[in-house]
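Asks: Got a file for you: structure.txt, compact mmCIF, C-alpha atoms.
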```txt
# COMPACT_ATOMS: atom_id res chain seq x y z
CA MET A 513 51.13 -15.91 -13.87
CA MET A 514 52.97 -12.62 -13.58
CA MET A 515 55.73 -12.64 -10.95
CA HIS A 516 56.34 -9.51 -8.89
CA LEU A 517 60.08 -8.94 -8.46
CA PRO A 518 61.39 -7.75 -5.14
CA GLN A 519 62.55 -4.15 -5.17
CA LEU A 520 66.20 -4.07 -6.21
CA PRO A 521 68.87 -1.76 -4.86
CA GLU A 522 69.26 1.27 -7.05
CA LYS A 523 72.56 0.20 -8.70
CA LEU A 524 72.21 -3.58 -8.41
CA GLY A 525 71.65 -5.35 -11.72
CA LEU A 526 69.49 -8.42 -12.24
CA GLN A 527 72.43 -10.76 -12.85
CA GLU A 528 74.27 -9.54 -9.73
CA TYR A 529 71.05 -9.98 -7.70
CA GLU A 530 70.67 -13.57 -8.97
CA ALA A 531 74.30 -14.31 -8.09
CA ARG A 532 73.94 -12.99 -4.55
CA THR A 533 70.57 -14.61 -3.71
CA GLY A 534 70.78 -17.79 -5.72
CA ARG A 535 67.31 -17.07 -7.16
CA THR A 536 66.49 -17.00 -10.82
CA CYS A 537 63.97 -14.42 -11.89
CA LYS A 538 62.20 -15.20 -15.12
CA PRO A 539 60.54 -12.39 -16.99
CA PRO A 540 56.75 -12.68 -17.12
CA PRO A 541 55.52 -14.62 -20.14
CA GLN A 542 54.01 -12.67 -22.98
CA SER A 543 50.24 -12.89 -22.81
CA SER A 544 48.96 -15.07 -25.60
CA ARG A 545 46.78 -13.22 -28.01
CA ARG A 546 43.25 -14.52 -28.63
CA LYS A 547 42.94 -16.29 -31.94
CA ASN A 548 40.06 -16.13 -34.38
CA PHE A 549 38.11 -13.63 -32.22
CA GLU A 550 36.04 -11.00 -33.93
CA PHE A 551 34.97 -9.52 -30.59
CA GLU A 552 36.00 -9.23 -26.97
CA PRO A 553 34.02 -11.53 -24.63
CA LEU A 554 31.52 -9.43 -22.69
CA SER A 555 30.98 -11.82 -19.78
CA THR A 556 32.53 -14.74 -17.97
CA THR A 557 30.48 -17.13 -20.11
CA ALA A 558 32.63 -16.11 -23.04
CA LEU A 559 35.75 -17.45 -21.33
CA ILE A 560 34.90 -20.93 -22.56
CA LEU A 561 36.03 -19.69 -25.99
CA GLU A 562 39.44 -18.65 -24.71
CA ASP A 563 42.49 -20.58 -25.82
CA ARG A 564 44.38 -22.20 -22.98
CA PRO A 565 47.61 -20.61 -21.71
CA SER A 566 50.72 -21.65 -23.67
CA ASN A 567 52.03 -23.79 -20.78
CA LEU A 568 48.91 -26.02 -20.93
CA PRO A 569 47.85 -28.50 -23.60
CA ALA A 570 45.77 -26.92 -26.34
CA LYS A 571 42.07 -27.73 -26.65
CA SER A 572 41.13 -30.56 -28.93
CA VAL A 573 38.98 -29.75 -31.94
CA GLU A 574 36.06 -31.59 -30.34
CA GLU A 575 36.39 -29.63 -27.09
CA ALA A 576 36.67 -26.31 -28.89
CA LEU A 577 33.56 -27.12 -30.93
CA ARG A 578 31.69 -28.15 -27.78
CA HIS A 579 32.64 -24.91 -26.04
CA ARG A 580 31.55 -22.92 -29.06
CA GLN A 581 28.20 -24.73 -29.04
CA GLU A 582 27.73 -24.14 -25.29
CA TYR A 583 28.51 -20.48 -25.73
CA ASP A 584 26.10 -20.13 -28.66
CA GLU A 585 23.37 -21.80 -26.60
CA MET A 586 23.96 -19.40 -23.71
CA VAL A 587 23.84 -16.41 -26.03
CA ALA A 588 20.63 -17.70 -27.64
CA GLU A 589 19.04 -18.19 -24.19
CA ALA A 590 20.04 -14.69 -23.15
CA LYS A 591 18.50 -13.28 -26.34
CA LYS A 592 15.27 -15.18 -25.63
CA ARG A 593 15.08 -13.68 -22.15
CA GLU A 594 15.79 -10.24 -23.55
CA ILE A 595 13.07 -10.59 -26.18
CA LYS A 596 10.63 -11.87 -23.54
CA GLU A 597 11.39 -8.89 -21.29
CA ALA A 598 11.00 -6.52 -24.23
CA HIS A 599 7.58 -7.99 -25.04
CA LYS A 600 6.60 -7.69 -21.36
CA ARG A 601 7.68 -4.03 -21.25
CA LYS A 602 5.81 -3.37 -24.48
CA ARG A 603 2.66 -5.00 -23.09
CA ILE A 604 2.87 -2.99 -19.87
CA MET A 605 3.34 0.23 -21.83
CA LYS A 606 0.41 -0.67 -24.06
CA GLU A 607 -1.79 -1.34 -21.03
CA ARG A 608 -0.64 1.92 -19.45
CA PHE A 609 -1.46 3.91 -22.58
CA LYS A 610 -4.85 2.22 -22.77
CA GLN A 611 -5.47 3.03 -19.10
CA GLU A 612 -4.49 6.67 -19.66
CA GLU A 613 -6.82 6.87 -22.66
CA ASN A 614 -9.65 5.39 -20.59
CA ILE A 615 -8.98 7.88 -17.78
CA ALA A 616 -8.93 10.78 -20.24
CA SER A 617 -12.15 9.58 -21.85
CA ALA A 618 -13.82 9.05 -18.46
CA MET A 619 -12.67 12.48 -17.29
CA VAL A 620 -14.48 14.14 -20.18
CA ILE A 621 -17.68 12.25 -19.34
CA TRP A 622 -17.45 13.12 -15.64
CA ILE A 623 -16.74 16.81 -16.26
CA ASN A 624 -19.15 17.44 -19.13
CA GLU A 625 -22.02 15.07 -18.38
CA ILE A 626 -22.10 13.69 -14.85
CA LEU A 627 -20.95 16.49 -12.54
CA PRO A 628 -23.23 19.17 -14.08
CA ASN A 629 -26.19 16.79 -13.58
CA TRP A 630 -25.01 15.12 -10.38
CA GLU A 631 -28.29 14.49 -8.57
CA VAL A 632 -29.98 13.12 -11.65
CA MET A 633 -27.14 10.92 -12.91
CA ARG A 634 -25.32 9.71 -9.78
CA SER A 635 -27.51 6.62 -9.32
CA THR A 636 -27.86 5.62 -12.97
CA ARG A 637 -26.46 2.28 -14.06
CA ARG A 638 -24.06 3.89 -16.51
CA VAL A 639 -22.54 6.15 -13.86
CA ARG A 640 -22.30 3.35 -11.30
CA GLU A 641 -20.44 1.15 -13.77
CA LEU A 642 -18.09 3.99 -14.67
CA TRP A 643 -17.62 4.70 -10.96
CA TRP A 644 -16.64 1.08 -10.28
CA GLN A 645 -13.77 1.36 -12.78
CA GLY A 646 -12.18 4.10 -10.65
CA LEU A 647 -12.51 7.87 -10.71
CA PRO A 648 -10.12 9.98 -12.79
CA PRO A 649 -7.70 11.71 -10.38
CA SER A 650 -8.70 15.13 -11.70
CA VAL A 651 -12.32 14.72 -10.54
CA ARG A 652 -11.81 12.34 -7.63
CA GLY A 653 -11.87 14.99 -4.90
CA LYS A 654 -14.97 16.67 -6.31
CA VAL A 655 -16.88 13.40 -6.58
CA TRP A 656 -15.85 12.35 -3.08
CA SER A 657 -17.09 15.67 -1.67
CA LEU A 658 -20.42 15.36 -3.44
CA ALA A 659 -20.86 11.72 -2.45
CA VAL A 660 -19.93 12.25 1.22
CA GLY A 661 -22.08 15.38 1.39
CA ASN A 662 -22.10 18.10 4.01
CA GLU A 663 -24.91 17.23 6.41
CA LEU A 664 -23.02 19.11 9.14
CA ASN A 665 -23.22 22.34 7.11
CA ILE A 666 -19.59 23.19 7.77
CA THR A 667 -18.25 26.25 5.96
CA PRO A 668 -14.64 27.32 5.27
CA GLU A 669 -15.19 30.14 7.78
CA LEU A 670 -16.17 27.65 10.49
CA TYR A 671 -13.00 25.68 9.74
CA GLU A 672 -10.90 28.82 10.28
CA ILE A 673 -12.62 29.43 13.62
CA PHE A 674 -11.83 25.95 14.94
CA LEU A 675 -8.32 26.12 13.53
CA SER A 676 -7.73 29.31 15.51
CA ARG A 677 -9.00 27.59 18.66
CA ALA A 678 -6.69 24.66 18.02
CA LYS A 679 -3.68 26.96 17.70
CA GLU A 680 -4.60 28.67 20.96
CA ARG A 681 -4.92 25.31 22.75
CA TRP A 682 -1.57 24.13 21.38
CA LYS A 683 0.08 27.30 22.59
CA SER A 684 -1.54 26.96 26.00
CA PHE A 685 -0.63 23.30 26.26
CA SER A 686 2.97 23.98 25.22
CA GLU A 687 3.33 26.63 27.92
CA THR A 688 1.68 24.41 30.54
CA SER A 689 3.68 21.30 29.69
CA SER A 690 6.94 23.23 29.81
CA GLU A 691 6.22 23.97 33.47
CA ASN A 692 4.69 20.66 34.37
CA ASP A 693 4.29 17.71 32.03
CA THR A 694 0.98 16.37 33.30
CA GLU A 695 -0.48 18.23 36.24
CA GLY A 696 -3.25 20.66 35.43
CA VAL A 697 -3.70 19.35 31.88
CA SER A 698 -6.95 17.52 31.14
CA VAL A 699 -7.18 14.38 29.03
CA ALA A 700 -9.04 16.35 26.33
CA ASP A 701 -6.21 18.90 26.22
CA ARG A 702 -3.62 16.17 25.83
CA GLU A 703 -5.59 14.53 23.03
CA ALA A 704 -5.74 17.82 21.19
CA SER A 705 -2.12 18.60 21.89
CA LEU A 706 0.50 19.27 19.30
CA GLU A 707 2.62 16.41 20.60
CA LEU A 708 0.09 13.60 20.10
CA ILE A 709 -0.94 14.76 16.64
CA LYS A 710 2.66 15.42 15.65
CA LEU A 711 3.62 11.88 16.62
CA ASP A 712 0.93 10.36 14.40
CA ILE A 713 1.70 12.70 11.50
CA SER A 714 5.31 11.49 11.46
CA ARG A 715 3.99 7.95 10.83
CA THR A 716 1.57 8.94 8.06
CA PHE A 717 2.72 7.72 4.63
CA PRO A 718 6.38 8.01 5.69
CA SER A 719 7.63 6.82 2.30
CA LEU A 720 6.09 9.86 0.58
CA TYR A 721 8.01 12.36 2.75
CA ILE A 722 5.31 14.99 2.19
CA PHE A 723 3.49 14.88 5.52
CA GLN A 724 6.54 14.74 7.76
CA LYS A 725 8.04 17.85 9.32
CA GLY A 726 9.39 20.09 6.56
CA GLY A 727 7.19 18.42 3.93
CA PRO A 728 4.72 20.46 1.83
CA TYR A 729 1.61 19.00 3.48
CA HIS A 730 2.80 18.71 7.08
CA ASP A 731 1.21 21.94 8.29
CA VAL A 732 -2.04 21.33 6.40
CA LEU A 733 -2.46 17.87 7.93
CA HIS A 734 -1.57 19.24 11.35
CA SER A 735 -4.16 22.03 10.98
CA ILE A 736 -7.02 19.76 9.88
CA LEU A 737 -6.44 17.27 12.69
CA GLY A 738 -6.12 20.03 15.28
CA ALA A 739 -9.26 21.82 14.09
CA TYR A 740 -11.23 18.57 14.21
CA THR A 741 -10.31 17.90 17.84
CA CYS A 742 -11.78 21.29 18.71
CA TYR A 743 -14.82 20.76 16.49
CA ARG A 744 -15.55 17.31 17.96
CA PRO A 745 -14.13 17.21 21.50
CA ASP A 746 -16.45 14.25 22.20
CA VAL A 747 -14.43 12.24 19.68
CA GLY A 748 -11.08 13.97 20.06
CA TYR A 749 -8.03 12.82 18.16
CA VAL A 750 -7.78 9.07 17.55
CA GLN A 751 -4.85 7.26 15.99
CA GLY A 752 -5.57 6.46 12.35
CA MET A 753 -7.37 9.71 11.61
CA SER A 754 -4.19 11.14 10.10
CA PHE A 755 -4.30 8.64 7.22
CA ILE A 756 -7.88 9.57 6.33
CA ALA A 757 -7.12 13.29 6.48
CA ALA A 758 -3.94 12.79 4.43
CA VAL A 759 -5.80 11.04 1.59
CA LEU A 760 -8.34 13.85 1.49
CA ILE A 761 -5.58 16.49 1.46
CA LEU A 762 -4.05 14.82 -1.60
CA ASN A 763 -7.32 15.25 -3.47
CA LEU A 764 -8.92 18.42 -2.08
CA GLU A 765 -8.12 21.97 -1.00
CA GLU A 766 -7.56 22.45 2.74
CA ALA A 767 -11.01 23.72 3.78
CA ASP A 768 -12.80 21.23 1.50
CA ALA A 769 -10.67 18.43 2.93
CA PHE A 770 -11.71 19.40 6.46
CA ILE A 771 -15.39 19.52 5.49
CA ALA A 772 -15.21 16.07 3.88
CA PHE A 773 -13.16 14.74 6.83
CA ALA A 774 -15.64 15.89 9.47
CA ASN A 775 -18.66 14.61 7.53
CA LEU A 776 -16.97 11.30 6.74
CA LEU A 777 -16.14 10.67 10.39
CA ASN A 778 -19.75 11.51 11.27
CA LYS A 779 -21.03 8.47 9.37
CA PRO A 780 -22.42 5.75 11.70
CA CYS A 781 -19.67 3.21 11.06
CA GLN A 782 -16.77 5.66 11.43
CA LEU A 783 -18.35 7.26 14.48
CA ALA A 784 -18.76 3.86 16.14
CA PHE A 785 -15.12 2.96 15.54
CA PHE A 786 -13.55 6.31 16.39
CA ARG A 787 -15.61 6.66 19.55
CA VAL A 788 -14.67 3.04 20.34
CA ASP A 789 -18.32 2.11 20.85
CA HIS A 790 -17.74 -1.56 21.70
CA SER A 791 -21.38 -2.55 21.40
CA MET A 792 -21.77 -1.06 17.92
CA MET A 793 -18.41 -2.39 16.76
CA LEU A 794 -19.41 -5.91 17.76
CA LYS A 795 -22.61 -5.57 15.75
CA TYR A 796 -20.58 -4.61 12.68
CA PHE A 797 -18.28 -7.59 13.26
CA ALA A 798 -21.24 -9.94 13.70
CA THR A 799 -22.78 -8.71 10.44
CA PHE A 800 -19.43 -9.12 8.68
CA GLU A 801 -19.20 -12.72 9.88
CA VAL A 802 -22.61 -13.53 8.38
CA PHE A 803 -21.29 -12.62 4.93
CA PHE A 804 -17.88 -14.15 5.67
CA GLU A 805 -19.50 -17.54 6.29
CA GLU A 806 -21.79 -17.11 3.28
CA ASN A 807 -18.95 -16.33 0.83
CA LEU A 808 -15.88 -18.09 2.24
CA SER A 809 -17.20 -20.93 4.38
CA LYS A 810 -13.97 -22.97 4.37
CA LEU A 811 -11.82 -20.01 5.47
CA PHE A 812 -14.50 -18.98 7.96
CA LEU A 813 -14.29 -22.38 9.68
CA HIS A 814 -10.49 -22.21 9.59
CA PHE A 815 -10.56 -18.87 11.38
CA LYS A 816 -13.13 -20.22 13.86
CA SER A 817 -10.89 -23.19 14.67
CA TYR A 818 -8.26 -20.72 15.87
CA SER A 819 -10.82 -18.40 17.53
CA LEU A 820 -9.58 -15.67 15.22
CA THR A 821 -12.20 -12.92 15.43
CA PRO A 822 -12.74 -10.10 12.87
CA ASP A 823 -11.61 -7.34 15.22
CA ILE A 824 -8.02 -8.62 15.00
CA TYR A 825 -7.70 -7.51 11.37
CA LEU A 826 -10.75 -5.36 10.61
CA ILE A 827 -10.13 -2.62 13.17
CA ASP A 828 -6.99 -1.33 11.45
CA TRP A 829 -8.60 -1.60 8.00
CA ILE A 830 -11.72 0.31 9.02
CA PHE A 831 -9.92 2.92 11.13
CA THR A 832 -7.80 4.03 8.17
CA LEU A 833 -10.26 3.08 5.40
CA TYR A 834 -7.54 0.78 4.00
CA SER A 835 -5.23 3.73 3.28
CA LYS A 836 -2.55 2.27 5.57
CA SER A 837 -3.02 -1.37 4.54
CA LEU A 838 -3.13 -1.04 0.74
CA PRO A 839 -0.97 0.80 -1.80
CA LEU A 840 -2.16 4.40 -2.00
CA ASP A 841 -3.49 4.24 -5.57
CA LEU A 842 -5.42 1.07 -4.74
CA ALA A 843 -6.73 2.55 -1.50
CA CYS A 844 -8.05 5.54 -3.47
CA ARG A 845 -9.95 3.21 -5.76
CA VAL A 846 -11.46 1.50 -2.70
CA TRP A 847 -12.45 4.97 -1.48
CA ASP A 848 -14.08 5.66 -4.85
CA VAL A 849 -16.55 2.80 -4.48
CA PHE A 850 -16.89 3.35 -0.71
CA CYS A 851 -18.18 6.84 -1.52
CA ARG A 852 -20.63 5.23 -3.93
CA ASP A 853 -21.84 2.29 -1.82
CA GLY A 854 -21.22 3.42 1.76
CA GLU A 855 -20.03 1.37 4.74
CA GLU A 856 -21.08 -1.93 3.16
CA PHE A 857 -18.21 -1.65 0.69
CA LEU A 858 -15.62 -1.40 3.47
CA PHE A 859 -16.62 -4.85 4.70
CA ARG A 860 -16.97 -6.19 1.18
CA THR A 861 -13.40 -5.07 0.51
CA GLY A 862 -12.29 -6.95 3.62
CA LEU A 863 -13.94 -10.11 2.28
CA GLY A 864 -12.32 -9.47 -1.10
CA ILE A 865 -8.88 -9.40 0.55
CA LEU A 866 -9.64 -12.66 2.38
CA ARG A 867 -10.80 -14.25 -0.86
CA LEU A 868 -7.68 -13.08 -2.70
CA TYR A 869 -5.40 -14.75 -0.16
CA GLU A 870 -7.69 -17.61 0.85
CA ASP A 871 -5.36 -20.41 -0.27
CA ILE A 872 -2.42 -18.90 1.61
CA LEU A 873 -4.44 -18.20 4.77
CA LEU A 874 -5.77 -21.76 4.90
CA GLN A 875 -2.19 -22.98 5.38
CA MET A 876 -1.46 -20.61 8.28
CA ASP A 877 -2.00 -20.74 12.04
CA PHE A 878 -3.36 -17.96 14.28
CA ILE A 879 -0.11 -16.00 14.65
CA HIS A 880 0.82 -16.10 10.97
CA ILE A 881 -2.70 -15.16 9.84
CA ALA A 882 -2.73 -12.16 12.18
CA GLN A 883 0.73 -11.07 11.01
CA PHE A 884 -0.17 -11.54 7.34
CA LEU A 885 -3.40 -9.54 7.54
CA THR A 886 -1.73 -6.80 9.57
CA LYS A 887 0.84 -6.27 6.82
CA LEU A 888 -0.54 -7.29 3.42
CA PRO A 889 1.78 -8.06 0.47
CA GLU A 890 2.94 -4.92 -1.33
CA ASP A 891 2.44 -6.42 -4.79
CA ILE A 892 -1.36 -6.53 -4.48
CA THR A 893 -2.94 -5.13 -7.65
CA SER A 894 -6.26 -3.39 -8.20
CA GLU A 895 -7.24 -5.82 -10.96
CA LYS A 896 -6.85 -8.90 -8.76
CA LEU A 897 -8.40 -7.32 -5.68
CA PHE A 898 -11.42 -5.85 -7.44
CA SER A 899 -11.98 -9.12 -9.26
CA CYS A 900 -12.21 -10.80 -5.84
CA ILE A 901 -14.40 -8.03 -4.44
CA ALA A 902 -16.77 -8.38 -7.40
CA ALA A 903 -17.09 -12.11 -6.63
CA ILE A 904 -18.28 -11.37 -3.07
CA GLN A 905 -22.07 -11.51 -2.79
CA MET A 906 -23.39 -9.07 -0.20
CA GLN A 907 -26.67 -10.90 0.19
CA ASN A 908 -27.52 -13.51 2.81
CA SER A 909 -30.49 -15.57 1.60
CA THR A 910 -32.77 -12.71 0.62
CA LYS A 911 -31.29 -10.14 3.00
CA LYS A 912 -28.81 -7.45 2.03
CA TRP A 913 -26.18 -5.83 4.27
CA THR A 914 -28.49 -3.20 5.76
CA GLN A 915 -31.18 -5.80 6.54
CA VAL A 916 -28.72 -8.22 8.14
CA PHE A 917 -27.21 -5.39 10.18
CA ALA A 918 -30.68 -4.33 11.33
CA SER A 919 -31.42 -7.93 12.40
CA VAL A 920 -28.16 -8.09 14.33
CA MET A 921 -28.97 -4.77 15.99
CA LYS A 922 -32.27 -6.26 17.16
CA ASP A 923 -31.12 -9.77 18.12
CA ILE A 924 -27.63 -9.40 19.56
CA LYS A 925 -27.52 -10.04 23.30
CA GLU A 926 -25.64 -8.18 25.97
CA GLY A 927 -23.51 -11.23 26.75
CA ASP A 928 -22.06 -11.23 23.24
CA LYS A 929 -19.96 -8.20 24.14
CA ASN A 930 -17.34 -10.53 25.53
CA SER A 931 -17.13 -12.72 22.41
CA SER A 932 -14.31 -10.71 20.90
CA PRO A 933 -11.06 -10.93 22.92
CA ALA A 934 -9.60 -7.70 21.55
CA LEU A 935 -12.55 -5.71 22.87
CA LYS A 936 -12.66 -7.05 26.43
CA SER A 937 -10.51 -4.29 27.83
```
Would you kindly transcribe this structure into structure tokens?
Replies:
Amino acid sequence: MMMHLPQLPEKLGLQEYEARTGRTCKPPPQSSRRKNFEFEPLSTTALILEDRPSNLPAKSVEEALRHRQEYDEMVAEAKKREIKEAHKRKRIMKERFKQEENIASAMVIWINEILPNWEVMRSTRRVRELWWQGLPPSVRGKVWSLAVGNELNITPELYEIFLSRAKERWKSFSETSSENDTEGVSVADREASLELIKLDISRTFPSLYIFQKGGPYHDVLHSILGAYTCYRPDVGYVQGMSFIAAVLILNLEEADAFIAFANLLNKPCQLAFFRVDHSMMLKYFATFEVFFEENLSKLFLHFKSYSLTPDIYLIDWIFTLYSKSLPLDLACRVWDVFCRDGEEFLFRTGLGILRLYEDILLQMDFIHIAQFLTKLPEDITSEKLFSCIAAIQMQNSTKKWTQVFASVMKDIKEGDKNSSPALKS
């Protein structure tokens, strides 16, 4: 070990210092040079090949050979791991290239064959199968718009009119609230206010940093949500809408996104949820439970034993059409098939998620199930999820979703409104 000498007076020699202090200062030993090394060890594992310091007994031949063998084994194991990782990277790249080729091939089919003949081809088996595999990003927005439709006959000009009204209301609300925070401002005005929408926008896909203040899509999202509150004052602004609007903005131009947004929220299921129509929501939950018991009876009974009702996890999934609960690319693929199959697919996706995590959920109690389903694992993949969704049969005996829902609509009793704890308020 190298010894650090105390600082000596400027003109005091080493011998004089030793005589005065009685200490003997030995010069640091020369570092022994490595023997028989063709390379410098690159990690601490290589230190087993080092010769011992000169003041310690030298390694025996047997020990040196054993250390060499241990080192060689470690190097061989490291090489195996490296080769395995290389093969994994190569496989992933190969799958990615194959996926890109499939997307490019599908894009050509969609652009040249399907879209020009939309009404004729949309319901054919070939198109439905291609649709299930996921829409190419370049045509996704167009297909969504066509599939959702425009029953409300909204035009870009109408959007501009309601956007202007929204801006006027925001200005009026801002001036009013600066004088008095609450008095003289109606509930509808507050719901349409800049502050409430701005708060929700800040929580919309925060990791993307594109919808937050200063981001490229902040103003667009703000405009669409504001215009909608003026267009549908009976619905107003409801938390969760920002996620739906944001997904549409990523795939469509501003006016087209608003048209799709308004028509999408006008569908029976979305209207029931966003208007918080408790009676209708309970009918959707009751229909969901019929297929839950049919497909996942063991998990269904487990949930029942804890009185864990569908509203606890389904409300958030349906409100945001899974765009908050799933990775964005996977959520878009769910949207693809939702646009093809309608509201039924939203509940089928929910059952697919439950099937995917069935074994884990069966080991959990009420609190942990609720927490797990509120924040799903981030490593969920489209292949695994869609494999589980495909295994879900949306047929009870001989009845399909629409028939079961119609039966529930007819048979459900008024007293059942209190069966779901989350909807008692």
Asks: Pick out the residues sitting within 9 Å of Glu672 in chain A, and hand them over as a PDB file with C-alpha atoms, in the coordinates of the input; count all atoms listed in the file, and ignore anything fewer than 5 positions along from it in its own chain.
Replies:
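Ended up saving to selection08.pdb:
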```pdb
ATOM      1  CA  THR A 667     -18.250  26.250   5.960  1.00  0.00           C
ATOM      2  CA  ARG A 677      -9.000  27.590  18.660  1.00  0.00           C
ATOM      3  CA  ALA A 739      -9.260  21.820  14.090  1.00  0.00           C
ATOM      4  CA  ALA A 767     -11.010  23.720   3.780  1.00  0.00           C
TER       5      ALA A 767
END
```
Asks: Work out how far CA of Asn614 in chain A is from CA of Lys602 in chain A, in Å to one decimal.
Replies: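 These two atoms are separated by 18.2 Å.
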Asks: Using all atoms listed in the file, which residue out of A:Leu826, A:Ala757, A:Met921, A:Leu762 lies closest to Ser791 in chain A?
Replies: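 Once distances to Ser791 in chain A are computed over all atoms listed in the file, the minimum belongs to A:Met921.
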Asks: CA of Arg860 in chain A to CA of Asn807 in chain A: how many Å, to one decimal?
Replies: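 Straight-line distance from CA of Arg860 in chain A to CA of Asn807 in chain A works out to 10.3 Å.
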Asks: Do you know which residues are at most 9 Å from Lys795 in chain A counting only C-alpha atoms, after dropping those on the same chain fewer than 5 positions away, and could you put them as a list of chain:residue names?
Replies: A:His790, A:Phe800, A:Phe917, A:Val920, A:Met921, A:Ile924
Asks: Calculated over all atoms listed in the file, which of the candidates A:Val849, A:Met586, A:Leu838, A:Leu720 has the smallest distance to Glu641 in chain A?
Replies: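 Result for the nearest residue to Glu641 in chain A: A:Val849.
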Asks: Assuming the input is short of atoms at range 768-773 of chain A, produce all heavy atoms for that part as a compact mmCIF listing (two decimals), in the coordinates of the input.
Replies:
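After the write, result_38.txt holds the following:
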```txt
# COMPACT_ATOMS: atom_id res chain seq x y z
N ASP A 768 -11.94 22.29 2.03
CA ASP A 768 -12.80 21.23 1.50
C ASP A 768 -12.43 19.88 2.10
O ASP A 768 -13.30 19.04 2.35
CB ASP A 768 -12.71 21.18 -0.03
CG ASP A 768 -13.29 22.42 -0.69
OD1 ASP A 768 -14.25 22.99 -0.12
OD2 ASP A 768 -12.79 22.81 -1.76
N ALA A 769 -11.12 19.68 2.32
CA ALA A 769 -10.67 18.43 2.93
C ALA A 769 -11.20 18.31 4.35
O ALA A 769 -11.63 17.23 4.78
CB ALA A 769 -9.14 18.36 2.91
N PHE A 770 -11.20 19.41 5.09
CA PHE A 770 -11.71 19.40 6.46
C PHE A 770 -13.21 19.11 6.46
O PHE A 770 -13.70 18.31 7.29
CB PHE A 770 -11.46 20.73 7.15
CG PHE A 770 -12.05 20.81 8.53
CD1 PHE A 770 -11.42 20.20 9.61
CD2 PHE A 770 -13.27 21.46 8.76
CE1 PHE A 770 -11.97 20.25 10.89
CE2 PHE A 770 -13.82 21.51 10.03
CZ PHE A 770 -13.17 20.89 11.09
N ILE A 771 -13.94 19.73 5.56
CA ILE A 771 -15.39 19.52 5.49
C ILE A 771 -15.71 18.05 5.19
O ILE A 771 -16.57 17.44 5.84
CB ILE A 771 -16.01 20.44 4.41
CG1 ILE A 771 -15.89 21.90 4.85
CG2 ILE A 771 -17.48 20.07 4.15
CD1 ILE A 771 -16.22 22.91 3.76
N ALA A 772 -15.00 17.48 4.22
CA ALA A 772 -15.21 16.07 3.88
C ALA A 772 -14.79 15.17 5.04
O ALA A 772 -15.47 14.18 5.36
CB ALA A 772 -14.41 15.71 2.61
N PHE A 773 -13.68 15.52 5.70
CA PHE A 773 -13.16 14.74 6.83
C PHE A 773 -14.17 14.68 7.97
O PHE A 773 -14.49 13.60 8.48
CB PHE A 773 -11.85 15.38 7.29
CG PHE A 773 -11.18 14.69 8.44
CD1 PHE A 773 -10.54 13.47 8.28
CD2 PHE A 773 -11.16 15.27 9.71
CE1 PHE A 773 -9.91 12.84 9.33
CE2 PHE A 773 -10.52 14.65 10.77
CZ PHE A 773 -9.90 13.43 10.59
```
